[in-house]
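K.L.:
structure-v6.txt is the file, holding compact mmCIF, C-alpha atoms:
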```
# COMPACT_ATOMS: atom_id res chain seq x y z
CA ASP S 1 63.98 -78.36 85.18
CA VAL S 2 62.42 -76.95 88.30
CA LYS S 3 63.35 -78.89 91.35
CA VAL S 4 61.45 -79.06 94.58
CA THR S 5 63.50 -80.80 97.21
CA GLN S 6 62.10 -82.12 100.46
CA SER S 7 64.73 -82.66 103.10
CA SER S 8 63.70 -86.13 104.22
CA ARG S 9 62.12 -89.03 102.38
CA TYR S 10 61.18 -90.93 105.55
CA LEU S 11 60.88 -89.64 109.09
CA VAL S 12 59.88 -91.27 112.37
CA LYS S 13 59.05 -89.04 115.34
CA ARG S 14 57.60 -89.50 118.79
CA THR S 15 54.26 -88.14 119.96
CA GLY S 16 54.65 -84.65 121.35
CA GLU S 17 57.83 -83.81 119.45
CA LYS S 18 58.13 -80.62 117.44
CA VAL S 19 58.75 -81.62 113.83
CA PHE S 20 60.15 -79.54 110.99
CA LEU S 21 59.63 -80.52 107.37
CA GLU S 22 61.75 -78.52 104.97
CA CYS S 23 61.12 -77.75 101.31
CA VAL S 24 63.38 -75.87 98.91
CA GLN S 25 62.71 -74.87 95.30
CA ASP S 26 65.32 -73.60 92.88
CA MET S 27 63.34 -71.65 90.27
CA ASP S 28 62.40 -68.45 92.05
CA HIS S 29 58.73 -69.40 92.27
CA GLU S 30 56.43 -67.04 94.14
CA ASN S 31 54.04 -69.65 95.45
CA MET S 32 54.67 -72.65 97.63
CA PHE S 33 52.27 -75.20 99.11
CA TRP S 34 52.11 -77.97 101.66
CA TYR S 35 49.73 -80.88 101.19
CA ARG S 36 49.21 -84.11 103.04
CA GLN S 37 48.06 -87.27 101.34
CA ASP S 38 46.17 -90.08 103.04
CA PRO S 39 44.59 -93.22 101.55
CA GLY S 40 41.02 -92.59 100.44
CA LEU S 41 41.24 -88.85 101.17
CA GLY S 42 43.43 -87.69 98.32
CA LEU S 43 45.61 -84.61 98.68
CA ARG S 44 44.53 -81.97 101.17
CA LEU S 45 45.99 -78.48 101.39
CA ILE S 46 47.49 -77.56 104.76
CA TYR S 47 49.03 -74.14 104.10
CA PHE S 48 50.31 -72.09 101.21
CA SER S 49 52.43 -69.02 100.73
CA TYR S 50 52.30 -66.55 97.87
CA ASP S 51 55.24 -64.41 98.98
CA VAL S 52 58.01 -64.28 101.54
CA LYS S 53 56.59 -64.04 105.06
CA MET S 54 53.07 -64.40 103.68
CA LYS S 55 50.98 -67.45 104.44
CA GLU S 56 47.41 -68.59 104.20
CA LYS S 57 45.57 -71.48 105.75
CA GLY S 58 44.42 -74.30 103.58
CA ASP S 59 41.73 -76.82 104.39
CA ILE S 60 43.37 -78.57 107.34
CA PRO S 61 45.76 -76.17 109.14
CA GLU S 62 45.03 -77.35 112.68
CA GLY S 63 48.11 -78.65 114.42
CA TYR S 64 50.46 -77.15 111.82
CA SER S 65 52.27 -73.89 111.23
CA VAL S 66 54.56 -72.70 108.44
CA SER S 67 57.50 -70.43 107.91
CA ARG S 68 58.73 -68.70 104.78
CA GLU S 69 61.68 -66.47 105.62
CA LYS S 70 63.28 -66.83 102.20
CA LYS S 71 61.63 -67.18 98.82
CA GLU S 72 63.12 -70.56 98.07
CA ARG S 73 62.31 -72.24 101.38
CA PHE S 74 58.96 -73.18 102.89
CA SER S 75 58.90 -75.06 106.17
CA LEU S 76 56.04 -77.00 107.69
CA ILE S 77 56.04 -77.27 111.48
CA LEU S 78 54.14 -79.77 113.54
CA GLU S 79 53.98 -78.05 116.90
CA SER S 80 53.34 -81.22 118.90
CA ALA S 81 53.25 -84.30 116.71
CA SER S 82 50.36 -86.69 117.14
CA THR S 83 49.70 -90.11 115.67
CA ASN S 84 46.93 -88.73 113.44
CA GLN S 85 49.57 -86.66 111.69
CA THR S 86 51.17 -89.81 110.33
CA SER S 87 50.95 -89.19 106.59
CA MET S 88 52.72 -88.44 103.34
CA TYR S 89 53.58 -84.75 103.15
CA LEU S 90 54.03 -83.11 99.77
CA CYS S 91 55.50 -79.73 99.01
CA ALA S 92 54.83 -77.93 95.72
CA SER S 93 55.76 -74.66 94.05
CA SER S 94 54.40 -72.61 91.18
CA PRO S 95 55.36 -69.34 89.49
CA ASP S 96 51.80 -68.12 89.83
CA GLY S 97 48.76 -69.27 91.74
CA GLY S 98 48.32 -72.21 89.44
CA GLY S 99 46.34 -70.50 86.73
CA ARG S 100 48.63 -70.47 83.74
CA TYR S 101 51.24 -72.84 85.11
CA GLY S 102 51.10 -76.15 86.88
CA TYR S 103 52.65 -77.08 90.16
CA THR S 104 55.95 -78.83 90.60
CA PHE S 105 55.83 -81.26 93.48
CA GLY S 106 58.60 -82.69 95.60
CA SER S 107 59.02 -86.42 96.12
CA GLY S 108 57.28 -86.32 99.48
CA THR S 109 58.16 -87.01 103.11
CA ARG S 110 56.54 -90.04 104.69
CA LEU S 111 56.16 -89.15 108.36
CA THR S 112 55.35 -91.72 110.99
CA VAL S 113 54.47 -90.53 114.49
CA VAL S 114 54.76 -93.23 117.16
CA ASP E 1 34.55 -74.46 93.67
CA ALA E 2 34.24 -76.76 90.71
CA LYS E 3 34.49 -80.46 91.50
CA THR E 4 35.56 -83.25 89.22
CA THR E 5 34.32 -86.79 88.74
CA GLN E 6 36.58 -89.53 87.40
CA PRO E 7 36.21 -93.29 87.14
CA PRO E 8 38.11 -94.96 89.97
CA SER E 9 40.09 -97.30 87.72
CA MET E 10 40.83 -98.20 84.10
CA ASP E 11 42.96 -100.71 82.25
CA CYS E 12 44.74 -100.13 78.96
CA ALA E 13 46.83 -102.42 76.76
CA GLU E 14 50.43 -101.42 76.25
CA GLY E 15 50.90 -99.50 72.99
CA ARG E 16 47.25 -98.51 72.77
CA ALA E 17 45.81 -95.08 73.46
CA ALA E 18 44.59 -94.49 77.00
CA ASN E 19 41.58 -92.18 77.19
CA LEU E 20 40.86 -90.91 80.67
CA PRO E 21 37.57 -89.03 81.11
CA CYS E 22 36.71 -86.32 83.59
CA ASN E 23 33.46 -84.52 84.34
CA HIS E 24 33.53 -80.98 85.70
CA SER E 25 30.00 -79.77 85.05
CA THR E 26 30.18 -76.82 87.48
CA ILE E 27 33.36 -75.33 86.09
CA SER E 28 33.46 -71.54 85.84
CA GLY E 29 34.47 -69.64 82.72
CA ASN E 30 37.90 -68.63 84.01
CA GLU E 31 38.89 -71.96 85.55
CA TYR E 32 41.55 -74.12 83.96
CA VAL E 33 41.46 -77.90 83.75
CA TYR E 34 44.66 -79.55 84.92
CA TRP E 35 45.88 -83.09 84.76
CA TYR E 36 48.50 -84.59 87.03
CA ARG E 37 49.63 -88.12 87.61
CA GLN E 38 51.18 -89.83 90.58
CA ILE E 39 53.33 -92.89 90.30
CA HIS E 40 53.47 -94.97 93.46
CA SER E 41 55.37 -93.32 96.33
CA GLN E 42 56.28 -90.23 94.33
CA GLY E 43 54.92 -86.69 94.25
CA PRO E 44 52.32 -85.80 91.59
CA GLN E 45 53.68 -84.84 88.20
CA TYR E 46 52.14 -82.12 86.06
CA ILE E 47 50.98 -83.39 82.65
CA ILE E 48 48.96 -80.74 80.84
CA HIS E 49 46.33 -78.08 81.30
CA GLY E 50 43.86 -76.10 79.21
CA LEU E 51 41.11 -73.51 79.36
CA LYS E 52 38.94 -73.89 76.27
CA ASN E 53 41.03 -75.21 73.41
CA ASN E 54 42.45 -78.66 72.98
CA GLU E 55 46.08 -78.91 74.00
CA THR E 56 48.94 -81.25 73.15
CA ASN E 57 52.43 -81.62 74.53
CA GLU E 58 55.09 -84.29 74.53
CA MET E 59 53.29 -86.30 77.18
CA ALA E 60 49.61 -86.18 76.28
CA SER E 61 46.67 -84.47 74.61
CA LEU E 62 43.79 -82.78 76.37
CA ILE E 63 40.40 -82.60 74.74
CA ILE E 64 37.89 -80.21 76.34
CA THR E 65 34.26 -80.27 75.21
CA GLU E 66 32.80 -77.09 73.80
CA ASP E 67 30.60 -76.55 76.86
CA ARG E 68 33.68 -77.23 79.07
CA LYS E 69 31.71 -79.61 81.25
CA SER E 70 34.00 -82.53 80.57
CA SER E 71 37.45 -83.35 79.27
CA THR E 72 39.54 -86.33 78.20
CA LEU E 73 43.23 -86.91 78.71
CA ILE E 74 44.77 -88.99 75.95
CA LEU E 75 48.04 -90.87 76.30
CA PRO E 76 48.57 -91.82 72.66
CA HIS E 77 50.76 -94.89 73.13
CA ALA E 78 50.56 -96.10 76.70
CA THR E 79 53.59 -97.83 78.21
CA LEU E 80 53.98 -99.77 81.44
CA ARG E 81 55.59 -96.68 82.97
CA ASP E 82 52.30 -94.81 82.52
CA THR E 83 50.71 -96.96 85.22
CA ALA E 84 49.74 -94.36 87.83
CA VAL E 85 46.87 -92.48 89.44
CA TYR E 86 45.68 -89.67 87.20
CA TYR E 87 44.07 -86.59 88.71
CA CYS E 88 41.80 -84.20 86.86
CA ILE E 89 41.60 -80.89 88.69
CA VAL E 90 40.06 -77.49 88.18
CA ARG E 91 41.56 -74.48 89.84
CA ALA E 92 39.46 -73.23 92.72
CA SER E 93 37.92 -69.96 91.71
CA GLY E 94 39.48 -66.89 93.32
CA THR E 95 42.05 -68.81 95.32
CA TYR E 96 45.46 -70.32 94.83
CA LYS E 97 44.56 -73.84 95.65
CA TYR E 98 43.57 -76.91 93.73
CA ILE E 99 41.02 -79.42 94.86
CA PHE E 100 42.41 -82.88 94.37
CA GLY E 101 39.92 -85.72 94.08
CA THR E 102 40.78 -89.40 94.33
CA GLY E 103 41.69 -89.74 90.65
CA THR E 104 41.67 -92.65 88.20
CA ARG E 105 44.03 -95.54 88.78
CA LEU E 106 45.29 -96.46 85.29
CA LYS E 107 46.88 -99.84 84.86
CA VAL E 108 48.74 -100.46 81.61
CA LEU E 109 48.83 -104.16 80.81
CA ALA E 110 51.62 -105.90 78.91
```
Produce structure tokens that represent the structure in this file.

P.N.:
Amino acid sequence: DVKVTQSSRYLVKRTGEKVFLECVQDMDHENMFWYRQDPGLGLRLIYFSYDVKMKEKGDIPEGYSVSREKKERFSLILESASTNQTSMYLCASSPDGGGRYGYTFGSGTRLTVV
Amino acid sequence: DAKTTQPPSMDCAEGRAANLPCNHSTISGNEYVYWYRQIHSQGPQYIIHGLKNNETNEMASLIITEDRKSSTLILPHATLRDTAVYYCIVRASGTYKYIFGTGTRLKVLA
């Protein structure tokens, strides 16, 4: 089974801190994605990557950046954490863009910014 | 981008079939219909997807109407562990991303 592993299940950070959320997949998937999930808003795409060192903005990239130096790892960076970035963050991977295959999601990181 | 419409909630008796509807009237010819579910505090789990034909796997069946404007996910024998939010999604045309709606909260009752 494909595994998508997110480094932390729960995280508490202070306003203004630089925060790194790590995601690793073990099936050589080309595409990786970062979503955030908030009550009443569903899942919203922050960034995605279709190849090493390639990235594209999703719907809500402001305040975030990403890094994909290796195929298996996709990092989400909160440059200066703010309270409105308190959310559940979900990483996903897929062998293609999601046409013929579904996504595999990680278990999520629940980030609280205080 | 095609959007989907799902009922916000449904109940189903344990052991009975759960039929979850989805409308996607603006779907394009090359867009797939996907179903995921999310059990509380976990990441979404892929269930099934299809383009035109009906599909079945070990988890569920997907029935897509001939005009592709709607579909139904069928869980043939619902169990308490199937209680979750179910998302019907179509792949955004020309991009890599999905558009997740707010889904249907299915509650399986003992």

K.L.:
One decimal, Å: what's the distance from atom CA of Thr104 of chain E over to atom CA of Asn31 of chain S, could you say?

P.N.:
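Taking atom CA of Thr104 of chain E and atom CA of Asn31 of chain S, their separation equals 27.1 Å.
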
K.L.:
Nearest residue to Tyr46 of chain E out of S:Phe74, S:Tyr89, S:Phe105, S:Tyr64, using all atoms listed in the file?

P.N.:
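Of S:Phe74, S:Tyr89, S:Phe105, S:Tyr64, the one nearest Tyr46 of chain E, counting all atoms listed in the file, is S:Phe105.
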
K.L.:
Have a look at atom CA of Leu20 of chain E and atom CA of Leu62 of chain E and let me know their distance in Å, one decimal.

P.N.:
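Interatomic distance here is 9.7 Å.
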
K.L.:
When distances are computed from all atoms listed in the file, which of E:Val33, E:Cys22, E:Leu80, E:Met10 shows the smallest separation from chain S?

P.N.:
E:Val33

K.L.:
Could you pull out every residue with an atom within 6 Å of (45.8, -101.4, 82.4), file coordinates, counting only C-alpha atoms, and send them as a list in words?

P.N.:
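Here is the list of nearby residues: Asp11, Cys12, Ala13, Leu106, Lys107, Val108 and Leu109 of chain E.
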
K.L.:
The selected residues should be written to file as a short mmCIF file (atom, residue, chain, number, x, y, z; two decimals), in the coordinates of the input (atoms: C-alpha atoms).

P.N.:
```cif
data_model
loop_
_atom_site.label_atom_id
_atom_site.label_comp_id
_atom_site.auth_asym_id
_atom_site.auth_seq_id
_atom_site.Cartn_x
_atom_site.Cartn_y
_atom_site.Cartn_z
CA ASP E 11 42.96 -100.71 82.25
CA CYS E 12 44.74 -100.13 78.96
CA ALA E 13 46.83 -102.42 76.76
CA LEU E 106 45.29 -96.46 85.29
CA LYS E 107 46.88 -99.84 84.86
CA VAL E 108 48.74 -100.46 81.61
CA LEU E 109 48.83 -104.16 80.81
#
```

K.L.:
For the atom pair atom CA of Tyr32 of chain E and atom CA of Thr102 of chain E, what is the interatomic distance in Å to one decimal place?

P.N.:
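The value is 18.5 Å.
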
K.L.:
Would you mind listing, for every residue of chain E within 10 Å of chain S, the two atoms forming the shortest contact and the distance between them in Å to one decimal, using all atoms listed in the file, sorted by chain and ascending residue number, as a Markdown table?

P.N.:
```
| residue | atom | partner | partner_atom | distance |
| --- | --- | --- | --- | --- |
| E:Asn30 | CA | S:Gly99 | CA | 9.1 |
| E:Glu31 | CA | S:Gly99 | CA | 7.7 |
| E:Tyr32 | CA | S:Gly99 | CA | 6.6 |
| E:Val33 | CA | S:Gly99 | CA | 9.4 |
| E:Tyr34 | CA | S:Gly102 | CA | 7.5 |
| E:Trp35 | CA | S:Gly102 | CA | 8.9 |
| E:Tyr36 | CA | S:Gly102 | CA | 8.8 |
| E:Ser41 | CA | S:Ser107 | CA | 7.8 |
| E:Gln42 | CA | S:Ser107 | CA | 5.0 |
| E:Gly43 | CA | S:Ser107 | CA | 4.5 |
| E:Pro44 | CA | S:Phe105 | CA | 6.0 |
| E:Gln45 | CA | S:Phe105 | CA | 6.7 |
| E:Tyr46 | CA | S:Gly102 | CA | 6.1 |
| E:Ile47 | CA | S:Gly102 | CA | 8.4 |
| E:Ile48 | CA | S:Gly102 | CA | 7.9 |
| E:His49 | CA | S:Gly102 | CA | 7.6 |
| E:Gly50 | CA | S:Arg100 | CA | 8.7 |
| E:Leu51 | CA | S:Arg100 | CA | 9.2 |
| E:Tyr87 | CA | S:Gly42 | CA | 9.7 |
| E:Val90 | CA | S:Gly99 | CA | 9.5 |
| E:Arg91 | CA | S:Gly99 | CA | 7.0 |
| E:Ala92 | CA | S:Gly98 | CA | 9.5 |
| E:Ser93 | CA | S:Gly99 | CA | 9.8 |
| E:Gly94 | CA | S:Gly97 | CA | 9.7 |
| E:Thr95 | CA | S:Gly97 | CA | 7.6 |
| E:Tyr96 | CA | S:Gly97 | CA | 4.6 |
| E:Lys97 | CA | S:Gly97 | CA | 7.3 |
| E:Tyr98 | CA | S:Gly98 | CA | 7.9 |
| E:Ile99 | CA | S:Arg44 | CA | 7.7 |
| E:Phe100 | CA | S:Leu43 | CA | 5.6 |
| E:Gly101 | CA | S:Gly42 | CA | 5.8 |
| E:Thr102 | CA | S:Gly42 | CA | 5.1 |
| E:Gly103 | CA | S:Gly42 | CA | 8.1 |
```

K.L.:
Looking at only C-alpha atoms, which of S:Val12, S:Val52, S:Ile46, S:Val113 is the one that sits closest to Arg73 of chain S?

P.N.:
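That would be S:Val52, the residue with the smallest distance to Arg73 of chain S.
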
K.L.:
Of the residues S:Ser80, S:Thr112, S:Thr5, S:Ser87, which is the one nearest to Val19 of chain S, using only C-alpha atoms?

P.N.:
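Between S:Ser80, S:Thr112, S:Thr5, S:Ser87, the residue approaching Val19 of chain S most closely is S:Ser80.
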
K.L.:
Which protein, DNA or RNA residues are at most 6 Å from (57.5, -66.8, 106.2) in the file's coordinates when you count only C-alpha atoms, listed as a PyMOL selection string?

P.N.:
chain S and resi 52-54+67-69

K.L.:
Which one of S:Glu62, S:Arg14, S:Gln25, S:Asp38 sits closest to Ser93 of chain S if you count all atoms listed in the file?

P.N.:
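The closest residue to Ser93 of chain S is S:Gln25.
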
K.L.:
If you count only C-alpha atoms, which residues fall within 9 Å of Asp28 of chain S, apart from same-chain ones fewer than 2 positions away, as a list in words?

P.N.:
Gln25, Asp26, Glu30, Lys71, Glu72 and Pro95 of chain S

K.L.:
With all atoms listed in the file as the atoms that count, which of S:Leu11, S:Ile60, S:Leu21, S:Met27 lies nearest to Leu76 of chain S?

P.N.:
S:Leu21

K.L.:
Would you save segment 5-88 of chain E from the block above with C-alpha atoms, as a PDB file, in the first residue's frame?

P.N.:
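In the end it all went to part18.pdb:
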```
ATOM      1  CA  THR E   5     -23.906  19.046  -5.401  1.00  0.00           C
ATOM      2  CA  GLN E   6     -24.498  16.543  -2.616  1.00  0.00           C
ATOM      3  CA  PRO E   7     -27.041  16.337   0.190  1.00  0.00           C
ATOM      4  CA  PRO E   8     -25.466  17.536   3.430  1.00  0.00           C
ATOM      5  CA  SER E   9     -26.417  14.453   5.431  1.00  0.00           C
ATOM      6  CA  MET E  10     -27.981  10.992   5.208  1.00  0.00           C
ATOM      7  CA  ASP E  11     -28.745   8.137   7.567  1.00  0.00           C
ATOM      8  CA  CYS E  12     -28.598   4.452   6.732  1.00  0.00           C
ATOM      9  CA  ALA E  13     -29.418   1.347   8.766  1.00  0.00           C
ATOM     10  CA  GLU E  14     -26.561  -1.033   9.409  1.00  0.00           C
ATOM     11  CA  GLY E  15     -26.536  -3.897   6.901  1.00  0.00           C
ATOM     12  CA  ARG E  16     -28.583  -1.994   4.344  1.00  0.00           C
ATOM     13  CA  ALA E  17     -27.301  -0.442   1.141  1.00  0.00           C
ATOM     14  CA  ALA E  18     -26.292   3.200   1.370  1.00  0.00           C
ATOM     15  CA  ASN E  19     -26.955   5.153  -1.821  1.00  0.00           C
ATOM     16  CA  LEU E  20     -25.227   8.497  -1.937  1.00  0.00           C
ATOM     17  CA  PRO E  21     -26.238  10.800  -4.814  1.00  0.00           C
ATOM     18  CA  CYS E  22     -24.199  13.474  -6.527  1.00  0.00           C
ATOM     19  CA  ASN E  23     -25.091  15.993  -9.217  1.00  0.00           C
ATOM     20  CA  HIS E  24     -22.409  17.264 -11.578  1.00  0.00           C
ATOM     21  CA  SER E  25     -24.440  18.754 -14.413  1.00  0.00           C
ATOM     22  CA  THR E  26     -21.566  20.824 -15.864  1.00  0.00           C
ATOM     23  CA  ILE E  27     -19.092  17.967 -16.125  1.00  0.00           C
ATOM     24  CA  SER E  28     -16.943  17.899 -19.255  1.00  0.00           C
ATOM     25  CA  GLY E  29     -16.493  14.847 -21.452  1.00  0.00           C
ATOM     26  CA  ASN E  30     -12.972  14.062 -20.249  1.00  0.00           C
ATOM     27  CA  GLU E  31     -13.550  14.619 -16.540  1.00  0.00           C
ATOM     28  CA  TYR E  32     -13.633  11.699 -14.132  1.00  0.00           C
ATOM     29  CA  VAL E  33     -15.971  11.391 -11.171  1.00  0.00           C
ATOM     30  CA  TYR E  34     -14.196  10.492  -7.945  1.00  0.00           C
ATOM     31  CA  TRP E  35     -15.466   9.494  -4.556  1.00  0.00           C
ATOM     32  CA  TYR E  36     -13.542   9.846  -1.327  1.00  0.00           C
ATOM     33  CA  ARG E  37     -14.547   9.513   2.272  1.00  0.00           C
ATOM     34  CA  GLN E  38     -13.182  11.020   5.435  1.00  0.00           C
ATOM     35  CA  ILE E  39     -13.578   9.434   8.806  1.00  0.00           C
ATOM     36  CA  HIS E  40     -13.318  11.869  11.691  1.00  0.00           C
ATOM     37  CA  SER E  41      -9.813  13.280  12.247  1.00  0.00           C
ATOM     38  CA  GLN E  42      -8.253  11.263   9.427  1.00  0.00           C
ATOM     39  CA  GLY E  43      -7.189  12.134   5.895  1.00  0.00           C
ATOM     40  CA  PRO E  44      -9.619  11.431   3.034  1.00  0.00           C
ATOM     41  CA  GLN E  45      -9.588   7.908   1.661  1.00  0.00           C
ATOM     42  CA  TYR E  46     -10.006   7.133  -2.026  1.00  0.00           C
ATOM     43  CA  ILE E  47     -13.007   4.894  -2.741  1.00  0.00           C
ATOM     44  CA  ILE E  48     -13.661   4.648  -6.463  1.00  0.00           C
ATOM     45  CA  HIS E  49     -13.748   6.636  -9.674  1.00  0.00           C
ATOM     46  CA  GLY E  50     -15.221   6.386 -13.162  1.00  0.00           C
ATOM     47  CA  LEU E  51     -15.567   8.170 -16.475  1.00  0.00           C
ATOM     48  CA  LYS E  52     -18.620   6.799 -18.257  1.00  0.00           C
ATOM     49  CA  ASN E  53     -19.173   3.194 -17.247  1.00  0.00           C
ATOM     50  CA  ASN E  54     -20.360   1.869 -13.944  1.00  0.00           C
ATOM     51  CA  GLU E  55     -17.555   0.681 -11.716  1.00  0.00           C
ATOM     52  CA  THR E  56     -17.279  -1.735  -8.805  1.00  0.00           C
ATOM     53  CA  ASN E  57     -14.480  -2.551  -6.421  1.00  0.00           C
ATOM     54  CA  GLU E  58     -14.178  -4.171  -3.027  1.00  0.00           C
ATOM     55  CA  MET E  59     -15.448  -1.077  -1.264  1.00  0.00           C
ATOM     56  CA  ALA E  60     -18.315   0.226  -3.369  1.00  0.00           C
ATOM     57  CA  SER E  61     -20.088   0.573  -6.694  1.00  0.00           C
ATOM     58  CA  LEU E  62     -20.351   3.722  -8.765  1.00  0.00           C
ATOM     59  CA  ILE E  63     -23.302   4.273 -11.039  1.00  0.00           C
ATOM     60  CA  ILE E  64     -22.972   7.122 -13.560  1.00  0.00           C
ATOM     61  CA  THR E  65     -26.005   8.203 -15.571  1.00  0.00           C
ATOM     62  CA  GLU E  66     -25.797   8.008 -19.332  1.00  0.00           C
ATOM     63  CA  ASP E  67     -25.694  11.802 -19.685  1.00  0.00           C
ATOM     64  CA  ARG E  68     -22.999  11.883 -16.935  1.00  0.00           C
ATOM     65  CA  LYS E  69     -24.797  14.657 -15.116  1.00  0.00           C
ATOM     66  CA  SER E  70     -25.185  12.666 -11.937  1.00  0.00           C
ATOM     67  CA  SER E  71     -23.830   9.629 -10.158  1.00  0.00           C
ATOM     68  CA  THR E  72     -24.559   7.429  -7.159  1.00  0.00           C
ATOM     69  CA  LEU E  73     -22.117   5.766  -4.814  1.00  0.00           C
ATOM     70  CA  ILE E  74     -23.440   2.515  -3.407  1.00  0.00           C
ATOM     71  CA  LEU E  75     -22.109   0.882  -0.257  1.00  0.00           C
ATOM     72  CA  PRO E  76     -23.859  -2.477  -0.538  1.00  0.00           C
ATOM     73  CA  HIS E  77     -23.906  -3.470   3.131  1.00  0.00           C
ATOM     74  CA  ALA E  78     -23.201  -0.459   5.300  1.00  0.00           C
ATOM     75  CA  THR E  79     -21.455  -0.983   8.630  1.00  0.00           C
ATOM     76  CA  LEU E  80     -20.918   1.376  11.544  1.00  0.00           C
ATOM     77  CA  ARG E  81     -17.354   1.909  10.306  1.00  0.00           C
ATOM     78  CA  ASP E  82     -18.753   3.460   7.124  1.00  0.00           C
ATOM     79  CA  THR E  83     -19.932   6.476   9.106  1.00  0.00           C
ATOM     80  CA  ALA E  84     -17.981   9.314   7.485  1.00  0.00           C
ATOM     81  CA  VAL E  85     -18.184  12.345   5.220  1.00  0.00           C
ATOM     82  CA  TYR E  86     -18.354  11.293   1.579  1.00  0.00           C
ATOM     83  CA  TYR E  87     -17.044  13.593  -1.119  1.00  0.00           C
ATOM     84  CA  CYS E  88     -18.031  13.454  -4.767  1.00  0.00           C
TER      85      CYS E  88
END
```
